[in-house]
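What follows is the content of run-v3.cif, which has mmCIF, C-alpha atoms:
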data_data
loop_
_atom_site.label_atom_id
_atom_site.label_comp_id
_atom_site.auth_asym_id
_atom_site.auth_seq_id
_atom_site.Cartn_x
_atom_site.Cartn_y
_atom_site.Cartn_z
CA MET W 1 -15.27 20.65 11.52
CA GLU W 2 -16.10 18.29 14.34
CA VAL W 3 -14.13 15.17 15.26
CA ARG W 4 -16.28 12.34 16.63
CA TRP W 5 -14.83 10.23 19.44
CA ASP W 6 -15.45 6.87 17.78
CA ILE W 7 -13.83 8.08 14.54
CA LEU W 8 -10.85 9.46 16.50
CA VAL W 9 -10.41 6.09 18.24
CA ILE W 10 -10.42 4.31 14.85
CA ILE W 11 -7.93 6.79 13.33
CA ILE W 12 -5.54 6.57 16.31
CA GLY W 13 -5.87 2.77 16.57
CA ALA W 14 -5.31 2.32 12.84
CA GLY W 15 -2.42 4.80 13.04
CA ILE W 16 -0.71 2.81 15.82
CA VAL W 17 -1.07 -0.59 14.09
CA THR W 18 0.36 1.04 10.93
CA PHE W 19 3.21 2.82 12.74
CA ILE W 20 4.57 -0.30 14.47
CA PRO W 21 5.26 -2.45 11.35
CA ARG W 22 6.74 0.64 9.65
CA VAL W 23 9.32 1.38 12.34
CA LEU W 24 9.98 -1.92 14.13
CA PRO W 25 12.20 -3.70 11.55
CA LEU W 26 14.21 -0.52 10.89
CA MET W 27 14.77 -0.07 14.64
CA ALA W 28 15.42 -3.70 15.52
CA LEU W 29 17.03 -5.40 12.53
CA SER W 30 20.37 -3.69 13.02
CA ARG W 31 20.68 -6.03 16.02
CA ILE W 32 18.34 -8.98 15.48
CA GLU W 33 18.18 -11.03 12.29
CA LEU W 34 14.84 -12.62 11.43
CA PRO W 35 15.04 -16.37 10.81
CA ASP W 36 15.26 -17.33 7.15
CA TRP W 37 11.71 -18.70 7.02
CA GLY W 38 10.43 -15.45 8.54
CA MET W 39 12.05 -13.35 5.83
CA ARG W 40 10.76 -15.73 3.15
CA TRP W 41 7.23 -15.53 4.56
CA LEU W 42 7.40 -11.72 4.70
CA HIS W 43 8.66 -11.72 1.10
CA TYR W 44 5.29 -13.12 -0.06
CA VAL W 45 3.06 -11.00 2.19
CA PRO W 46 2.84 -7.90 -0.08
CA ILE W 47 1.93 -9.95 -3.16
CA SER W 48 -0.60 -11.99 -1.17
CA VAL W 49 -2.36 -9.08 0.46
CA MET W 50 -2.57 -7.03 -2.74
CA ALA W 51 -3.83 -10.01 -4.77
CA ALA W 52 -6.41 -10.78 -2.06
CA LEU W 53 -7.67 -7.19 -2.10
CA VAL W 54 -7.87 -7.13 -5.90
CA GLY W 55 -9.58 -10.55 -5.96
CA GLN W 56 -12.15 -9.51 -3.39
CA GLU W 57 -12.88 -6.28 -5.25
CA LEU W 58 -13.25 -7.96 -8.65
CA PHE W 59 -14.92 -11.27 -7.86
CA THR W 60 -17.18 -10.74 -4.84
CA GLN W 61 -20.20 -8.58 -4.14
CA ASP W 62 -21.61 -8.41 -0.58
CA GLY W 63 -20.19 -11.81 0.33
CA GLU W 64 -21.47 -13.50 -2.84
CA LEU W 65 -19.64 -14.46 -5.99
CA SER W 66 -20.16 -11.62 -8.54
CA SER W 67 -21.93 -12.58 -11.71
CA LEU W 68 -19.32 -12.94 -14.44
CA ALA W 69 -21.70 -11.86 -17.20
CA ASP W 70 -22.12 -8.20 -16.20
CA ASN W 71 -19.05 -7.65 -14.04
CA ILE W 72 -17.86 -4.21 -15.22
CA LYS W 73 -15.08 -4.12 -12.61
CA LEU W 74 -13.56 -7.21 -14.19
CA VAL W 75 -13.83 -5.59 -17.63
CA ALA W 76 -12.20 -2.36 -16.33
CA ALA W 77 -9.42 -4.43 -14.73
CA LEU W 78 -8.24 -5.75 -18.12
CA PRO W 79 -7.02 -2.46 -19.70
CA THR W 80 -5.75 -1.45 -16.23
CA LEU W 81 -3.59 -4.59 -16.01
CA VAL W 82 -2.30 -4.20 -19.57
CA VAL W 83 -1.31 -0.56 -18.94
CA ALA W 84 0.30 -1.54 -15.60
CA ILE W 85 2.48 -4.16 -17.31
CA LYS W 86 3.31 -2.02 -20.37
CA SER W 87 3.83 1.39 -18.75
CA ARG W 88 5.13 0.35 -15.30
CA SER W 89 3.62 3.64 -14.15
CA LEU W 90 1.28 3.82 -11.19
CA LEU W 91 -0.23 7.08 -12.42
CA MET W 92 -1.04 5.72 -15.89
CA THR W 93 -2.50 2.59 -14.30
CA VAL W 94 -4.79 4.46 -11.90
CA LEU W 95 -5.94 6.89 -14.61
CA THR W 96 -6.64 4.03 -17.02
CA GLY W 97 -8.67 2.24 -14.34
CA MET W 98 -10.72 5.31 -13.50
CA VAL W 99 -11.36 6.32 -17.12
CA SER W 100 -12.28 2.71 -18.07
CA MET W 101 -14.73 2.57 -15.18
CA MET W 102 -16.21 5.96 -16.06
CA LEU W 103 -16.73 4.99 -19.70
CA LEU W 104 -18.19 1.58 -18.79
CA ARG W 105 -20.69 3.21 -16.42
CA LEU W 106 -21.55 5.75 -19.10
CA PHE W 107 -22.38 3.16 -21.74
CA PHE W 108 -23.66 0.15 -19.76
CA MET T 1 19.01 -10.03 2.55
CA ASN T 2 22.39 -11.80 2.61
CA GLN T 3 23.57 -9.99 -0.49
CA GLN T 4 22.69 -6.66 1.04
CA ASP T 5 24.51 -7.57 4.25
CA VAL T 6 27.65 -8.43 2.35
CA ARG T 7 27.46 -5.13 0.51
CA ILE T 8 27.34 -2.95 3.57
CA GLU T 9 29.91 -4.93 5.53
CA ARG T 10 32.56 -4.23 2.92
CA PRO T 11 34.80 -1.34 3.91
CA THR T 12 33.04 1.58 2.28
CA ALA T 13 34.74 4.30 0.35
CA PRO T 14 33.66 7.79 1.40
CA GLU T 15 30.49 8.62 -0.45
CA VAL T 16 28.98 12.00 -1.13
CA GLU T 17 26.08 12.41 1.30
CA GLU T 18 23.03 13.51 -0.61
CA GLY T 19 21.15 16.34 1.06
CA PHE T 20 17.54 17.09 1.94
CA TRP T 21 16.78 18.95 -1.30
CA GLN T 22 18.06 16.12 -3.47
CA GLY T 23 15.53 13.90 -1.65
CA VAL T 24 12.79 16.42 -2.41
CA LYS T 25 13.80 16.41 -6.11
CA ASP T 26 13.91 12.61 -6.27
CA CYS T 27 10.35 12.48 -4.92
CA ILE T 28 8.91 14.65 -7.72
CA PRO T 29 8.35 11.90 -10.35
CA THR T 30 6.02 10.07 -7.93
CA LEU T 31 4.00 13.13 -6.85
CA LEU T 32 1.39 13.13 -9.60
CA GLY T 33 0.52 9.44 -9.14
CA TYR T 34 -0.13 9.79 -5.44
CA LEU T 35 -1.85 13.13 -5.97
CA SER T 36 -4.56 11.34 -7.96
CA ILE T 37 -4.89 8.53 -5.41
CA GLY T 38 -4.88 11.00 -2.51
CA PHE T 39 -7.54 13.07 -4.24
CA ALA T 40 -9.68 9.96 -4.75
CA ALA T 41 -9.11 9.02 -1.09
CA GLY T 42 -10.27 12.48 0.02
CA VAL T 43 -13.44 12.23 -2.08
CA VAL T 44 -14.22 8.72 -0.81
CA GLU T 45 -13.58 9.80 2.81
CA LYS T 46 -15.86 12.78 2.36
CA THR T 47 -18.66 10.71 0.83
CA ALA T 48 -18.23 8.14 3.65
CA GLY T 49 -19.27 10.96 6.00
CA LEU T 50 -15.93 12.09 7.47
CA SER T 51 -15.56 15.79 8.33
CA MET T 52 -12.69 17.94 6.95
CA MET T 53 -10.95 17.76 10.35
CA GLU T 54 -11.28 13.97 10.48
CA ILE T 55 -9.88 13.72 6.94
CA ALA T 56 -6.93 15.94 7.94
CA LEU T 57 -6.28 13.66 10.94
CA ILE T 58 -6.59 10.40 9.02
CA SER T 59 -4.24 11.56 6.25
CA LEU T 60 -1.64 12.79 8.78
CA LEU T 61 -1.89 10.04 11.45
CA LEU T 62 -2.66 6.98 9.31
CA TYR T 63 -0.91 8.15 6.11
CA ALA T 64 -1.58 5.00 4.10
CA GLY T 65 -3.65 5.12 0.92
CA SER T 66 -5.09 1.64 0.84
CA ALA T 67 -5.87 1.69 4.56
CA GLN T 68 -7.69 5.02 4.26
CA PHE T 69 -9.91 3.65 1.47
CA ILE T 70 -10.59 0.58 3.60
CA VAL T 71 -11.48 2.65 6.69
CA SER T 72 -13.88 4.75 4.57
CA GLY T 73 -15.48 1.68 3.02
CA MET T 74 -15.87 -0.13 6.34
CA LEU T 75 -17.25 3.01 8.06
CA ALA T 76 -19.82 3.33 5.29
CA ALA T 77 -20.72 -0.34 5.88
CA SER T 78 -20.91 0.37 9.67
CA SER T 79 -18.22 -2.15 10.63
CA SER T 80 -17.03 -2.28 14.25
CA SER T 81 -13.96 -0.26 15.32
CA LEU T 82 -12.12 -3.46 16.18
CA ALA T 83 -12.79 -5.00 12.75
CA ILE T 84 -11.57 -1.82 11.02
CA ILE T 85 -8.36 -1.59 13.07
CA THR T 86 -7.63 -5.33 12.62
CA THR T 87 -8.09 -5.08 8.85
CA VAL T 88 -5.79 -2.03 8.70
CA LEU T 89 -3.18 -3.94 10.74
CA PHE T 90 -3.18 -6.82 8.26
CA VAL T 91 -3.26 -4.61 5.16
CA ASN T 92 -0.33 -2.58 6.48
CA LEU T 93 1.70 -5.58 7.67
CA ARG T 94 3.43 -5.35 4.30
CA HIS T 95 5.35 -2.38 5.73
CA LEU T 96 7.25 -4.91 7.89
CA LEU T 97 8.86 -6.20 4.73
CA LEU T 98 9.57 -2.75 3.28
CA SER T 99 11.06 -1.61 6.58
CA ALA T 100 13.11 -4.82 6.92
CA ALA T 101 14.40 -4.50 3.35
CA LEU T 102 15.58 -0.93 3.96
CA SER T 103 17.14 -1.61 7.37
CA PRO T 104 20.63 -2.65 6.10
CA TYR T 105 21.04 0.80 4.50
CA PHE T 106 20.33 2.68 7.72
CA ARG T 107 22.56 0.75 10.13
CA HIS T 108 24.69 3.85 10.59
CA LEU T 109 21.77 5.56 12.36
CA SER T 110 20.48 5.27 15.95
CA PRO T 111 17.17 3.44 16.64
CA LEU T 112 15.44 6.77 17.27
CA LYS T 113 16.55 8.16 13.90
CA ASN T 114 15.46 4.91 12.26
CA MET T 115 12.06 5.34 13.89
CA LEU T 116 11.67 8.79 12.34
CA ILE T 117 12.59 7.40 8.91
CA GLY T 118 10.25 4.42 9.25
CA SER T 119 7.29 6.44 10.49
CA LEU T 120 6.81 7.99 7.02
CA LEU T 121 7.63 4.87 5.01
CA THR T 122 5.22 4.15 2.14
CA ASP T 123 5.19 1.96 -0.97
CA GLU T 124 6.19 5.00 -2.99
CA THR T 125 9.09 6.24 -0.82
CA PHE T 126 10.27 2.64 -0.47
CA GLY T 127 10.32 2.31 -4.26
CA VAL T 128 12.41 5.47 -4.68
CA ALA T 129 14.74 4.56 -1.79
CA ILE T 130 15.36 0.98 -2.95
CA ASN T 131 16.31 2.35 -6.40
CA GLU T 132 18.83 4.57 -4.62
CA THR T 133 20.50 1.50 -3.09
CA VAL T 134 21.47 0.26 -6.55
CA LYS T 135 24.21 2.89 -6.60
CA LYS T 136 24.79 3.40 -2.86
CA ARG T 137 25.83 1.25 0.07
CA ARG T 138 23.94 3.37 2.56
CA ILE T 139 21.21 5.95 2.31
CA SER T 140 21.68 9.49 3.58
CA GLU T 141 19.39 10.39 6.48
CA LYS T 142 18.76 13.92 5.19
CA TRP T 143 17.99 12.65 1.68
CA MET T 144 15.45 10.18 3.08
CA HIS T 145 13.77 12.91 5.16
CA GLY T 146 13.54 15.10 2.04
CA LEU T 147 11.87 12.26 0.16
CA ASN T 148 9.55 11.28 3.04
CA ILE T 149 8.41 14.77 3.98
CA THR T 150 7.70 15.78 0.36
CA ALA T 151 5.55 12.67 -0.13
CA TYR T 152 3.80 13.27 3.21
CA LEU T 153 2.86 16.91 2.46
CA ASN T 154 1.75 15.96 -1.06
CA TRP T 155 -0.49 13.26 0.38
CA PHE T 156 -2.04 15.65 2.94
CA ALA T 157 -2.70 18.31 0.25
CA ALA T 158 -4.22 15.73 -2.11
CA ASN T 159 -6.56 14.39 0.60
CA MET T 160 -7.71 17.88 1.54
CA ALA T 161 -8.30 18.82 -2.11
CA GLY T 162 -10.34 15.63 -2.61
CA ALA T 163 -12.33 16.31 0.57
CA PHE T 164 -12.99 19.88 -0.54
CA PHE T 165 -14.18 18.99 -4.04
CA GLY T 166 -15.91 15.89 -2.67
CA GLN T 167 -18.64 18.20 -1.32
CA TRP T 168 -19.87 18.63 -4.88
CA LEU T 169 -19.11 15.14 -6.14
CA THR T 170 -22.14 13.45 -4.64
CA ASN T 171 -21.70 10.40 -6.86
CA PRO T 172 -17.95 9.64 -7.09
CA GLU T 173 -18.69 6.29 -8.75
CA ARG T 174 -19.81 8.15 -11.86
CA TYR T 175 -16.25 9.36 -12.36
CA GLY T 176 -14.70 5.96 -11.70
CA LEU T 177 -13.18 7.17 -8.41
CA ASP T 178 -14.24 4.00 -6.61
CA PHE T 179 -11.97 2.10 -9.00
CA ALA T 180 -8.86 4.15 -8.05
CA LEU T 181 -8.01 1.74 -5.22
CA PRO T 182 -8.40 -1.57 -7.10
CA ALA T 183 -6.48 0.05 -9.98
CA MET T 184 -3.71 1.09 -7.60
CA PHE T 185 -3.45 -2.44 -6.24
CA ILE T 186 -3.41 -3.90 -9.75
CA GLY T 187 -0.58 -1.45 -10.55
CA LEU T 188 1.38 -2.16 -7.35
CA LEU T 189 0.92 -5.89 -7.86
CA ALA T 190 2.14 -5.76 -11.48
CA LEU T 191 5.08 -3.52 -10.53
CA ALA T 192 6.03 -5.71 -7.58
CA ILE T 193 5.94 -8.92 -9.63
CA ALA T 194 7.81 -7.27 -12.53
CA SER T 195 10.69 -6.26 -10.24
CA ARG T 196 11.13 -9.69 -8.61
CA SER T 197 13.20 -12.65 -9.62
CA ASN T 198 10.75 -15.57 -9.36
CA LYS T 199 7.75 -14.27 -11.31
CA LEU T 200 6.12 -17.68 -11.75
CA LEU T 201 6.03 -18.35 -8.01
CA ASP T 202 4.73 -14.80 -7.41
CA ILE T 203 1.91 -15.43 -9.88
CA ILE T 204 1.08 -18.76 -8.20
CA VAL T 205 0.96 -17.02 -4.81
CA ALA T 206 -1.24 -14.21 -6.20
CA ALA T 207 -3.61 -16.72 -7.84
CA ALA T 208 -3.83 -18.69 -4.57
CA ALA T 209 -4.63 -15.47 -2.67
CA VAL T 210 -7.42 -14.62 -5.13
CA ALA T 211 -8.93 -18.13 -4.96
CA ILE T 212 -8.79 -18.23 -1.15
CA VAL T 213 -10.23 -14.73 -0.67
CA VAL T 214 -13.17 -15.53 -2.95
CA GLY T 215 -13.80 -18.87 -1.20
CA VAL T 216 -13.57 -17.51 2.35
CA SER T 217 -15.74 -14.47 1.42
CA MET T 218 -18.67 -16.86 0.95
CA LEU T 219 -18.31 -18.06 4.56
CA ALA T 220 -16.96 -15.14 6.59
CA SER T 221 -16.62 -11.34 6.59
CA GLY T 222 -14.57 -9.56 3.93
CA SER T 223 -11.75 -8.56 6.28
CA THR T 224 -11.44 -12.12 7.67
CA ALA T 225 -11.21 -13.36 4.08
CA VAL T 226 -8.37 -10.95 3.22
CA ILE T 227 -6.45 -11.88 6.38
CA THR T 228 -6.93 -15.64 5.84
CA ALA T 229 -5.95 -15.42 2.16
CA THR T 230 -2.81 -13.38 2.99
CA VAL T 231 -1.59 -15.77 5.70
CA ILE T 232 -2.23 -18.94 3.64
CA ALA T 233 -0.92 -17.58 0.32
CA ALA T 234 2.27 -16.18 1.92
CA THR T 235 2.80 -19.56 3.62
CA ILE T 236 2.35 -21.34 0.27
CA GLY T 237 4.98 -19.00 -1.21
CA MET T 238 7.38 -19.63 1.68
CA VAL T 239 6.97 -23.42 1.54
CA ILE T 240 7.41 -23.71 -2.26
CA ASP T 241 10.36 -21.28 -2.12
CA LYS T 242 12.08 -23.34 0.59
CA TRP T 243 11.19 -26.75 -0.85
CA LYS T 244 12.34 -26.24 -4.43
#
Now that the file is in, can you turn its structure into structure tokens?
Amino acid sequence: MEVRWDILVIIIGAGIVTFIPRVLPLMALSRIELPDWGMRWLHYVPISVMAALVGQELFTQDGELSSLADNIKLVAALPTLVVAIKSRSLLMTVLTGMVSMMLLRLFF
Amino acid sequence: MNQQDVRIERPTAPEVEEGFWQGVKDCIPTLLGYLSIGFAAGVVEKTAGLSMMEIALISLLLYAGSAQFIVSGMLAASSSSLAIITTVLFVNLRHLLLSAALSPYFRHLSPLKNMLIGSLLTDETFGVAINETVKKRRISEKWMHGLNITAYLNWFAANMAGAFFGQWLTNPERYGLDFALPAMFIGLLALAIASRSNKLLDIIVAAAAVAIVVGVSMLASGSTAVITATVIAATIGMVIDKWK
């Protein structure tokens, strides 16, 4: 049940840097308008960051390019993507990903 | 943004204010999805060596699925505190956009009340709230609190359940739990692109982000690669969007 100091610092630090972008636009934008280019840039941030995280997960392994021949994450990503597009349901997508991964690990 | 501004500046007819419990009800369809991700997060946190108390704190103070997976992964890889916090900052910068997009619908509230609403903003509550704006010119404060607090408690319960059962799941990879996060991002990415107007440009931006993150990963740390790819790909999107 203990809380280590270094972990607490990380949790509080990460909490603060998450809290500020959550509340700042809601608090400030009733008065200040972001410049057009700023809004446009922000518009592409969610897509960019999510694609980067997916790309890193699927294509790299410890700072090296993953081998494409036995990349089971890439294989599991295919049914996951299809279900995401077809079902538009986050739950179905996550379950498909997890079950695909479980089955791939079971058989390969 | 301009369209939304025009909508709320029109003289508004009196609307029925939706209450707290309607917000709770409107949250229900999303609960199961985040329950599974929260459970996976709890298991991964537990196997990364966090105690039950630390998991309770991280789910309540950080309250961000992807960031919690990233903290667990980086702790397991013994990254520095500064690297972890910087990565979380960049991963969660997307909330700036969500918060900015919701701001026109909460202009009737004081900054302090807006802070309370924003503090529990997530991809999921944003998705439900932005759907609400299709039929409303402003969002009820009580309704939003009902939505936010339900999602928050669900997330906390899911993390604790995952942490509890994680004691016996010594090898979460066997059950595909390590793929819950990439799967969630694939889902969020597909949903985000599906709901937007310029899908081709979104796909170009996503492809650029993937190419850059892979390239930079060969030269620098993983978190630097994600940050670099995000900044460059979003800039590519902005420039093409403005130029065309």
Go through the shown structure with the PyMOL selection byres ((chain W) within 6 of (chain T)) and write out the matching residues as JSON, numbers by chain.
{"W": [1, 3, 10, 11, 14, 15, 17, 18, 19, 21, 22, 23, 25, 26, 27, 30, 40, 41, 42, 44, 45, 46, 48, 49, 50, 51, 52, 54, 55, 63, 64, 84, 90, 91, 93, 94, 97, 98, 101, 102]}
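Put simply, the PyMOL selection byres ((chain T and resi 146) around 9) on this file hits Gly19, Phe20, Trp21, Gln22, Gly23, Val24, Lys25, Asp26, Cys27, Glu141, Lys142, Trp143, Met144, His145, Leu147, Asn148, Ile149, Thr150 and Ala151 of chain T.
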Could you tell me how far atom CA of Gly166 of chain T sits from atom CA of Phe108 of chain W, in Å to one decimal place?
24.5 Å
By how many Å are atom CA of Tyr152 of chain T and atom CA of Leu24 of chain W apart?
19.7 Å
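When atom CA of Trp5 of chain W is paired with atom CA of Gly49 of chain T, their separation reads 14.2 Å.
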If the PyMOL selection byres ((chain W and resi 76) around 8) were run on this exact file, what residues would it hold? Put them as a ChimeraX atom specification.
/W:72-75,77-80,97,100-101,104
